[in-house]
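What follows is a single structure, written as structure tokens, with notes after it.
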Amino acid sequence: MKKTRIFRTLALGLMLAATLLSVGFADAETNGETGLERFIVNHGSRSSPKIAITMDDMFEREWAWKTAELCKRYGIRITYFPIGANLFEQDGDAWRQLVADGFEIGSHSQWHEGFHDLESSVAMGRLGHFQEQLDRVLGYHYQVRWFRPPFGNLADKNGSYEAMRRVLLRFGYEHSLLWDVSQTDPAEAFPRVKNGSILLFHARRKDYECLEILIPQLLDAGFEPVTVSQLFGYPDPEISEECFVYDYKNYR
């Protein structure tokens, strides 16, 4: 009788362990790796055909507008990462139209200068002034969700990005966004694209001409270009009436 109880206890334990393991495996299978497991992000889930095309800088903004028209022709949307210094009030209608059309805007800092080895107060100023400038141009508050550092580097001289991580978190950026495809020749870019890829482009002619060829190739291959927020399952960035004003005293 005693042995029977022991065997029953062991059996129940094994069943419980099996159940827990199955739940764990089911969760892993359902959730998988999203690409957000680390603070520095360069791709989304490798199990989903969603990809994100991104465009930086906006030094030649006419190519940004042309790219938007190209994307609308194919029914897709991308994410722009302008620097604040290239956000001009005379372009307000163009930026507002992009938001209305479902495109996304991320931050590439106020100036195209590296974040590595920056003092925290300076880094916060660059982030704050970017958000302030974007809101001024749009005429409303657009809560930027993603930050891409100029040159893709946040590390200090010791190789740590912990200080900059704290700065970004202070502004609500949960991650620093990089990329895994940066080629501007479609023959080189296309073979590198995988499920979850983040593609890096800039607002200039050669990048636009690459996308003219690359976008239909990607669609024919079954990829689904989306905004960065959509790639990671977030809703569109929040919009509100009161524009952000950067006050350094609140970000010490």
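The way I read the labels, and the way they are meant: chains A, B, ... in the order of the structure tokens, residue 1 as the first residue of every chain, and ligand 1 as the first ligand shown, with later ones counted on from there.
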### Message
I'd like the neighbourhood of segment 101-103 of chain A as a VMD selection string, where a residue qualifies if any of its atoms comes within 12 Å (using only C-alpha atoms), though same-chain residues fewer than 2 positions away should be ignored.
### Response
chain A and resid 52 to 55 64 to 65 67 to 69 71 to 72 75 to 81 94 to 99 105 to 106 225 to 230 235 to 237
Kindly provide the residues of segment 203-248 of chain A that approach segment 138-156 of chain A to within 6 Å, each paired with its closest atom pair and their distance in Å to one decimal, based on only C-alpha atoms, listed by chain and increasing number, as JSON lines.
```
{"residue": "A:Pro237", "atom": "CA", "partner": "A:Gln143", "partner_atom": "CA", "distance": 5.7}
{"residue": "A:Glu238", "atom": "CA", "partner": "A:Gln143", "partner_atom": "CA", "distance": 5.4}
{"residue": "A:Ile239", "atom": "CA", "partner": "A:Tyr142", "partner_atom": "CA", "distance": 4.7}
{"residue": "A:Ser240", "atom": "CA", "partner": "A:His141", "partner_atom": "CA", "distance": 5.1}
{"residue": "A:Glu241", "atom": "CA", "partner": "A:Tyr140", "partner_atom": "CA", "distance": 5.0}
{"residue": "A:Glu242", "atom": "CA", "partner": "A:His141", "partner_atom": "CA", "distance": 5.8}
{"residue": "A:Cys243", "atom": "CA", "partner": "A:His141", "partner_atom": "CA", "distance": 4.5}
```
So that I have them on file, write out the residues from the current selection with C-alpha atoms, as an mmCIF file, in the first residue's frame.
```cif
data_model
loop_
_atom_site.group_PDB
_atom_site.id
_atom_site.type_symbol
_atom_site.label_atom_id
_atom_site.label_comp_id
_atom_site.auth_asym_id
_atom_site.auth_seq_id
_atom_site.Cartn_x
_atom_site.Cartn_y
_atom_site.Cartn_z
ATOM 1 C CA PRO A 237 2.146 55.889 -32.005
ATOM 2 C CA GLU A 238 -0.152 58.022 -29.883
ATOM 3 C CA ILE A 239 -1.201 61.478 -31.043
ATOM 4 C CA SER A 240 -2.478 64.287 -28.833
ATOM 5 C CA GLU A 241 -3.088 68.018 -29.017
ATOM 6 C CA GLU A 242 -0.507 69.369 -26.562
ATOM 7 C CA CYS A 243 2.919 69.640 -28.189
#
```
### Task
Using only C-alpha atoms, determine which residues lie at most 9 Å from Gly84 of chain A, disregarding the query and same-chain residues fewer than 2 positions distant; provide the list as a ChimeraX atom specification.
/A:57,82,86-88,107-112,126,129-134
### Message
Show me, as JSON, numbers by chain, the residues that have an atom within 7 Å of Gly35 of chain A when counting only C-alpha atoms, minus same-chain residues fewer than 3 positions from it.
### Response
{"A": [41, 43, 44, 45]}
Can you spit out the residues from that selection as a PDB file, in the first residue's frame, using C-alpha atoms?
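Okay, part08.pdb is ready:
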```
ATOM      1  CA  VAL A  41      17.254  45.440 -31.741  1.00  0.00           C
ATOM      2  CA  HIS A  43      15.352  42.377 -36.497  1.00  0.00           C
ATOM      3  CA  GLY A  44      11.895  41.102 -35.633  1.00  0.00           C
ATOM      4  CA  SER A  45      10.552  37.577 -35.374  1.00  0.00           C
TER       5      SER A  45
END
```
